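With mmCIF, N, CA and C atoms inside, this is query-v8.cif:
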data_run
#
loop_
_atom_site.label_atom_id
_atom_site.label_comp_id
_atom_site.auth_asym_id
_atom_site.auth_seq_id
_atom_site.Cartn_x
_atom_site.Cartn_y
_atom_site.Cartn_z
N MET A 1 14.32 0.09 3.45
CA MET A 1 14.60 0.44 2.08
C MET A 1 14.04 1.83 1.81
N ARG A 2 14.85 2.74 1.35
CA ARG A 2 14.44 4.11 1.04
C ARG A 2 14.45 4.29 -0.48
N LEU A 3 13.42 4.94 -0.99
CA LEU A 3 13.36 5.23 -2.41
C LEU A 3 13.84 6.65 -2.65
N THR A 4 14.57 6.84 -3.72
CA THR A 4 14.95 8.19 -4.07
C THR A 4 13.73 8.92 -4.60
N SER A 5 13.78 10.22 -4.63
CA SER A 5 12.63 11.02 -5.08
C SER A 5 12.25 10.67 -6.52
N LEU A 6 13.23 10.51 -7.38
CA LEU A 6 12.95 10.20 -8.78
C LEU A 6 12.33 8.82 -8.92
N THR A 7 12.84 7.84 -8.19
CA THR A 7 12.29 6.49 -8.24
C THR A 7 10.86 6.49 -7.72
N PHE A 8 10.64 7.19 -6.61
CA PHE A 8 9.29 7.26 -6.05
C PHE A 8 8.33 7.91 -7.04
N LEU A 9 8.74 9.01 -7.66
CA LEU A 9 7.89 9.71 -8.62
C LEU A 9 7.55 8.81 -9.79
N PHE A 10 8.53 8.08 -10.32
CA PHE A 10 8.28 7.17 -11.43
C PHE A 10 7.30 6.08 -11.02
N PHE A 11 7.52 5.44 -9.89
CA PHE A 11 6.67 4.35 -9.44
C PHE A 11 5.27 4.86 -9.11
N PHE A 12 5.17 6.02 -8.48
CA PHE A 12 3.89 6.63 -8.13
C PHE A 12 3.10 6.91 -9.41
N THR A 13 3.75 7.48 -10.43
CA THR A 13 3.08 7.78 -11.69
C THR A 13 2.62 6.49 -12.36
N TRP A 14 3.43 5.47 -12.33
CA TRP A 14 3.07 4.19 -12.92
C TRP A 14 1.86 3.59 -12.22
N LEU A 15 1.82 3.64 -10.90
CA LEU A 15 0.70 3.09 -10.15
C LEU A 15 -0.60 3.83 -10.44
N VAL A 16 -0.53 5.14 -10.49
CA VAL A 16 -1.73 5.93 -10.75
C VAL A 16 -2.26 5.66 -12.16
N ALA A 17 -1.35 5.51 -13.11
CA ALA A 17 -1.75 5.29 -14.50
C ALA A 17 -2.21 3.86 -14.76
N SER A 18 -1.87 2.94 -13.90
CA SER A 18 -2.18 1.53 -14.11
C SER A 18 -3.48 1.14 -13.42
N PRO A 19 -4.54 0.83 -14.18
CA PRO A 19 -5.82 0.48 -13.56
C PRO A 19 -5.80 -0.87 -12.84
N SER A 20 -4.80 -1.70 -13.10
CA SER A 20 -4.78 -3.03 -12.49
C SER A 20 -4.53 -2.99 -10.99
N HIS A 21 -4.03 -1.87 -10.46
CA HIS A 21 -3.77 -1.76 -9.03
C HIS A 21 -4.98 -1.28 -8.26
N GLY A 22 -5.98 -0.76 -8.94
CA GLY A 22 -7.20 -0.33 -8.27
C GLY A 22 -7.01 0.90 -7.39
N LEU A 23 -5.96 1.64 -7.59
CA LEU A 23 -5.74 2.84 -6.78
C LEU A 23 -6.54 3.99 -7.39
N ASN A 24 -7.03 4.86 -6.55
CA ASN A 24 -7.74 6.02 -7.06
C ASN A 24 -7.14 7.29 -6.46
N LEU A 25 -7.57 8.43 -6.98
CA LEU A 25 -7.00 9.70 -6.56
C LEU A 25 -7.18 9.94 -5.07
N ASN A 26 -8.33 9.58 -4.51
CA ASN A 26 -8.58 9.79 -3.08
C ASN A 26 -7.61 9.00 -2.21
N SER A 27 -7.40 7.74 -2.56
CA SER A 27 -6.50 6.94 -1.74
C SER A 27 -5.06 7.41 -1.89
N MET A 28 -4.70 7.89 -3.09
CA MET A 28 -3.34 8.37 -3.30
C MET A 28 -3.12 9.71 -2.59
N THR A 29 -4.16 10.56 -2.54
CA THR A 29 -4.04 11.83 -1.82
C THR A 29 -3.87 11.58 -0.33
N ALA A 30 -4.65 10.65 0.20
CA ALA A 30 -4.52 10.30 1.61
C ALA A 30 -3.14 9.69 1.88
N ALA A 31 -2.68 8.89 0.94
CA ALA A 31 -1.36 8.27 1.09
C ALA A 31 -0.27 9.33 1.08
N SER A 32 -0.42 10.34 0.24
CA SER A 32 0.56 11.42 0.20
C SER A 32 0.64 12.14 1.53
N SER A 33 -0.50 12.35 2.17
CA SER A 33 -0.52 12.98 3.48
C SER A 33 0.20 12.12 4.51
N LEU A 34 -0.04 10.81 4.43
CA LEU A 34 0.62 9.88 5.35
C LEU A 34 2.12 9.87 5.12
N ILE A 35 2.54 9.92 3.86
CA ILE A 35 3.97 9.92 3.53
C ILE A 35 4.64 11.15 4.13
N ALA A 36 3.97 12.30 4.05
CA ALA A 36 4.54 13.53 4.60
C ALA A 36 4.73 13.41 6.11
N SER A 37 3.79 12.75 6.79
CA SER A 37 3.91 12.61 8.24
C SER A 37 4.91 11.53 8.63
N ASN A 38 5.27 10.66 7.69
CA ASN A 38 6.22 9.58 7.97
C ASN A 38 7.61 10.10 8.33
N LYS A 39 7.95 11.27 7.83
CA LYS A 39 9.27 11.82 8.11
C LYS A 39 9.46 12.09 9.60
N ALA A 40 8.35 12.37 10.29
CA ALA A 40 8.42 12.65 11.72
C ALA A 40 8.37 11.36 12.54
N GLN A 41 8.04 10.25 11.91
CA GLN A 41 7.92 8.97 12.61
C GLN A 41 8.94 7.98 12.06
N ASN A 42 9.21 6.93 12.80
CA ASN A 42 10.07 5.87 12.31
C ASN A 42 9.20 4.72 11.84
N LEU A 43 8.83 4.77 10.57
CA LEU A 43 7.95 3.76 10.00
C LEU A 43 8.72 2.84 9.08
N ILE A 44 8.36 1.57 9.12
CA ILE A 44 8.97 0.59 8.23
C ILE A 44 8.32 0.68 6.85
N ILE A 45 7.01 0.77 6.81
CA ILE A 45 6.25 0.88 5.56
C ILE A 45 5.88 2.35 5.39
N THR A 46 6.44 2.99 4.36
CA THR A 46 6.25 4.43 4.20
C THR A 46 5.48 4.82 2.95
N SER A 47 4.98 3.84 2.18
CA SER A 47 4.26 4.18 0.96
C SER A 47 3.28 3.06 0.61
N PRO A 48 2.27 3.39 -0.20
CA PRO A 48 1.34 2.35 -0.67
C PRO A 48 2.07 1.27 -1.46
N GLN A 49 3.09 1.67 -2.21
CA GLN A 49 3.85 0.70 -3.00
C GLN A 49 4.55 -0.33 -2.12
N GLN A 50 5.10 0.13 -1.00
CA GLN A 50 5.75 -0.81 -0.08
C GLN A 50 4.71 -1.74 0.54
N ALA A 51 3.54 -1.21 0.86
CA ALA A 51 2.47 -2.05 1.41
C ALA A 51 2.07 -3.12 0.41
N ILE A 52 1.94 -2.74 -0.85
CA ILE A 52 1.60 -3.71 -1.90
C ILE A 52 2.67 -4.78 -1.99
N SER A 53 3.93 -4.39 -1.97
CA SER A 53 5.03 -5.36 -2.06
C SER A 53 4.99 -6.37 -0.92
N VAL A 54 4.77 -5.89 0.29
CA VAL A 54 4.71 -6.77 1.46
C VAL A 54 3.54 -7.75 1.34
N VAL A 55 2.40 -7.24 0.93
CA VAL A 55 1.21 -8.08 0.82
C VAL A 55 1.37 -9.12 -0.29
N LYS A 56 1.92 -8.71 -1.43
CA LYS A 56 2.09 -9.65 -2.54
C LYS A 56 3.08 -10.77 -2.22
N ARG A 57 4.03 -10.50 -1.31
CA ARG A 57 4.95 -11.57 -0.90
C ARG A 57 4.23 -12.62 -0.06
N LYS A 58 3.19 -12.18 0.65
CA LYS A 58 2.49 -13.08 1.56
C LYS A 58 1.28 -13.78 0.92
N TYR A 59 0.60 -13.08 0.00
CA TYR A 59 -0.62 -13.62 -0.61
C TYR A 59 -0.50 -13.65 -2.13
N LYS A 60 -0.98 -14.74 -2.71
CA LYS A 60 -1.05 -14.85 -4.17
C LYS A 60 -2.41 -14.31 -4.60
N ALA A 61 -2.51 -13.00 -4.73
CA ALA A 61 -3.77 -12.37 -5.06
C ALA A 61 -3.51 -11.04 -5.77
N LYS A 62 -4.53 -10.57 -6.47
CA LYS A 62 -4.45 -9.28 -7.17
C LYS A 62 -4.93 -8.17 -6.25
N VAL A 63 -4.19 -7.07 -6.23
CA VAL A 63 -4.55 -5.93 -5.40
C VAL A 63 -5.66 -5.15 -6.10
N LEU A 64 -6.76 -4.93 -5.37
CA LEU A 64 -7.87 -4.16 -5.90
C LEU A 64 -7.80 -2.70 -5.46
N ARG A 65 -7.37 -2.48 -4.21
CA ARG A 65 -7.37 -1.12 -3.66
C ARG A 65 -6.40 -1.04 -2.49
N VAL A 66 -5.79 0.12 -2.35
CA VAL A 66 -4.94 0.42 -1.20
C VAL A 66 -5.44 1.72 -0.59
N GLN A 67 -5.60 1.71 0.72
CA GLN A 67 -6.09 2.91 1.41
C GLN A 67 -5.25 3.12 2.67
N SER A 68 -4.72 4.33 2.81
CA SER A 68 -3.97 4.62 4.03
C SER A 68 -4.96 4.83 5.17
N THR A 69 -4.52 4.46 6.35
CA THR A 69 -5.36 4.62 7.53
C THR A 69 -4.49 5.00 8.71
N ASN A 70 -5.08 5.71 9.63
CA ASN A 70 -4.34 6.11 10.82
C ASN A 70 -5.21 5.87 12.05
N GLN A 71 -6.05 4.85 11.98
CA GLN A 71 -6.93 4.52 13.10
C GLN A 71 -6.21 3.52 13.99
N GLY A 72 -5.92 3.93 15.20
CA GLY A 72 -5.15 3.07 16.10
C GLY A 72 -3.68 3.22 15.83
N SER A 73 -3.20 2.53 14.81
CA SER A 73 -1.80 2.69 14.39
C SER A 73 -1.78 2.96 12.89
N PRO A 74 -0.78 3.70 12.43
CA PRO A 74 -0.72 4.04 11.00
C PRO A 74 -0.46 2.80 10.16
N GLY A 75 -1.06 2.79 8.99
CA GLY A 75 -0.86 1.66 8.09
C GLY A 75 -1.69 1.78 6.85
N TYR A 76 -1.89 0.64 6.20
CA TYR A 76 -2.62 0.59 4.94
C TYR A 76 -3.59 -0.59 4.95
N LYS A 77 -4.81 -0.33 4.46
CA LYS A 77 -5.77 -1.39 4.20
C LYS A 77 -5.59 -1.77 2.74
N VAL A 78 -5.43 -3.05 2.48
CA VAL A 78 -5.23 -3.53 1.12
C VAL A 78 -6.32 -4.55 0.81
N LYS A 79 -7.11 -4.26 -0.22
CA LYS A 79 -8.18 -5.15 -0.64
C LYS A 79 -7.66 -6.02 -1.78
N LEU A 80 -7.87 -7.33 -1.67
CA LEU A 80 -7.32 -8.30 -2.62
C LEU A 80 -8.40 -9.22 -3.16
N VAL A 81 -8.12 -9.85 -4.29
CA VAL A 81 -8.99 -10.89 -4.83
C VAL A 81 -8.10 -12.05 -5.30
N THR A 82 -8.50 -13.26 -4.92
CA THR A 82 -7.76 -14.46 -5.32
C THR A 82 -8.19 -14.90 -6.71
N LYS A 83 -7.47 -15.86 -7.29
CA LYS A 83 -7.81 -16.37 -8.61
C LYS A 83 -9.20 -16.99 -8.65
N ASP A 84 -9.64 -17.55 -7.52
CA ASP A 84 -10.98 -18.15 -7.48
C ASP A 84 -12.07 -17.15 -7.09
N GLY A 85 -11.74 -15.86 -7.03
CA GLY A 85 -12.73 -14.82 -6.81
C GLY A 85 -12.98 -14.42 -5.37
N GLN A 86 -12.24 -14.98 -4.42
CA GLN A 86 -12.42 -14.62 -3.01
C GLN A 86 -11.82 -13.24 -2.76
N VAL A 87 -12.65 -12.33 -2.23
CA VAL A 87 -12.21 -10.97 -1.91
C VAL A 87 -11.99 -10.87 -0.41
N PHE A 88 -10.86 -10.29 -0.04
CA PHE A 88 -10.56 -10.10 1.38
C PHE A 88 -9.68 -8.87 1.56
N THR A 89 -9.61 -8.40 2.80
CA THR A 89 -8.84 -7.21 3.13
C THR A 89 -7.79 -7.57 4.17
N VAL A 90 -6.62 -6.98 4.03
CA VAL A 90 -5.56 -7.13 5.03
C VAL A 90 -5.14 -5.75 5.49
N PHE A 91 -4.53 -5.70 6.66
CA PHE A 91 -4.00 -4.46 7.21
C PHE A 91 -2.49 -4.60 7.30
N VAL A 92 -1.79 -3.61 6.78
CA VAL A 92 -0.34 -3.56 6.87
C VAL A 92 0.01 -2.47 7.89
N ASN A 93 0.59 -2.89 9.00
CA ASN A 93 1.00 -1.96 10.05
C ASN A 93 2.26 -1.25 9.59
N ALA A 94 2.20 0.07 9.46
CA ALA A 94 3.33 0.84 8.96
C ALA A 94 4.49 0.90 9.95
N VAL A 95 4.21 0.74 11.22
CA VAL A 95 5.25 0.82 12.25
C VAL A 95 6.04 -0.49 12.30
N THR A 96 5.33 -1.61 12.29
CA THR A 96 6.00 -2.91 12.45
C THR A 96 6.21 -3.67 11.15
N GLY A 97 5.43 -3.34 10.12
CA GLY A 97 5.49 -4.08 8.86
C GLY A 97 4.67 -5.35 8.88
N ALA A 98 3.97 -5.61 9.99
CA ALA A 98 3.16 -6.82 10.11
C ALA A 98 1.92 -6.74 9.21
N VAL A 99 1.53 -7.89 8.66
CA VAL A 99 0.34 -7.98 7.83
C VAL A 99 -0.66 -8.87 8.53
N SER A 100 -1.89 -8.36 8.72
CA SER A 100 -2.93 -9.17 9.37
C SER A 100 -4.16 -9.18 8.50
N ARG A 101 -4.75 -10.36 8.38
CA ARG A 101 -5.96 -10.52 7.56
C ARG A 101 -7.18 -10.29 8.41
N ASN A 102 -8.10 -9.47 7.91
CA ASN A 102 -9.34 -9.17 8.65
C ASN A 102 -10.36 -10.25 8.48
#
Here is the file; what I need is its structure written in the form of structure tokens.
Amino acid sequence: MRLTSLTFLFFFTWLVASPSHGLNLNSMTAASSLIASNKAQNLIITSPQQAISVVKRKYKAKVLRVQSTNQGSPGYKVKLVTKDGQVFTVFVNAVTGAVSRN
């Protein structure tokens, strides 16, 4: 799924302005760098928003933070909290789209 520039800009602005996603300027700046490098790679997950979507389909939890990472394989670390207060982190592999819980 590819987002148009206008759709991406709207969604990106909404995420940054919304405190419920727990995103901060540092993680978004790092994510922007990763997005720029995605054009040279064939990645399934190309944005923090896509990582959030994949994780929310798998886990019934609120996203606290998203951080891009390029250690080993490119992807995103997503920190979540369940309704009963359990905090955990998952990794979304940007190449395969696989989600693994740490």
**Prompt:** Can you list, as a list of chain:residue names, the residues that the PyMOL selection byres ((chain A and resi 94-96) around 8) selects here?
**Reply:**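 Applying the expression gives A:Asn42, A:Leu43, A:Ile44, A:Ile45, A:Thr46, A:Ser47, A:Ser73, A:Pro74, A:Gly75, A:Tyr76, A:Phe91, A:Val92, A:Asn93, A:Gly97, A:Ala98, A:Val99.
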**Prompt:** Taking the file as shown, what set of residues would the PyMOL selection byres ((chain A and resi 82) around 8) give back, as a list in words?
**Reply:**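 That selection, the PyMOL selection byres ((chain A and resi 82) around 8), comes back as Tyr59, Lys60, Ala61, Lys62, Val63, Lys79, Leu80, Val81, Lys83, Asp84, Gly85, Gln86, Val87 and Phe88 of chain A.
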**Message:** Just the number, please: distance in Å from CA of Ser100 (chain A) to atom N of Leu64 (chain A), one decimal.
**Reply:**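 According to the coordinates, CA of Ser100 (chain A) and atom N of Leu64 (chain A) are separated by 15.8 Å.
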**Request:** Measure the distance from atom N of Lys58 (chain A) to atom N of Thr89 (chain A) in Å and round it to one decimal.
**Result:** 13.5 Å
**Length of the CA of Val78 (chain A) to atom N of Val55 (chain A) vector [Å]** =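 Going from CA of Val78 (chain A) over to atom N of Val55 (chain A) covers 8.5 Å.
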**Request:** Just the strand (DSSP E or B) stuff from region 62-100 of chain A, please, per backbone DSSP, written as a VMD selection string.
**Result:** chain A and resid 62 to 69 75 to 81 87 to 93 99 to 100
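Neighbouring residues of Lys77 (chain A) at 5 Å or closer, counting all atoms listed in the file and skipping chain neighbours under 5 positions away, are Val66, Gln67, Ser68, Val90 and Phe91 of chain A.
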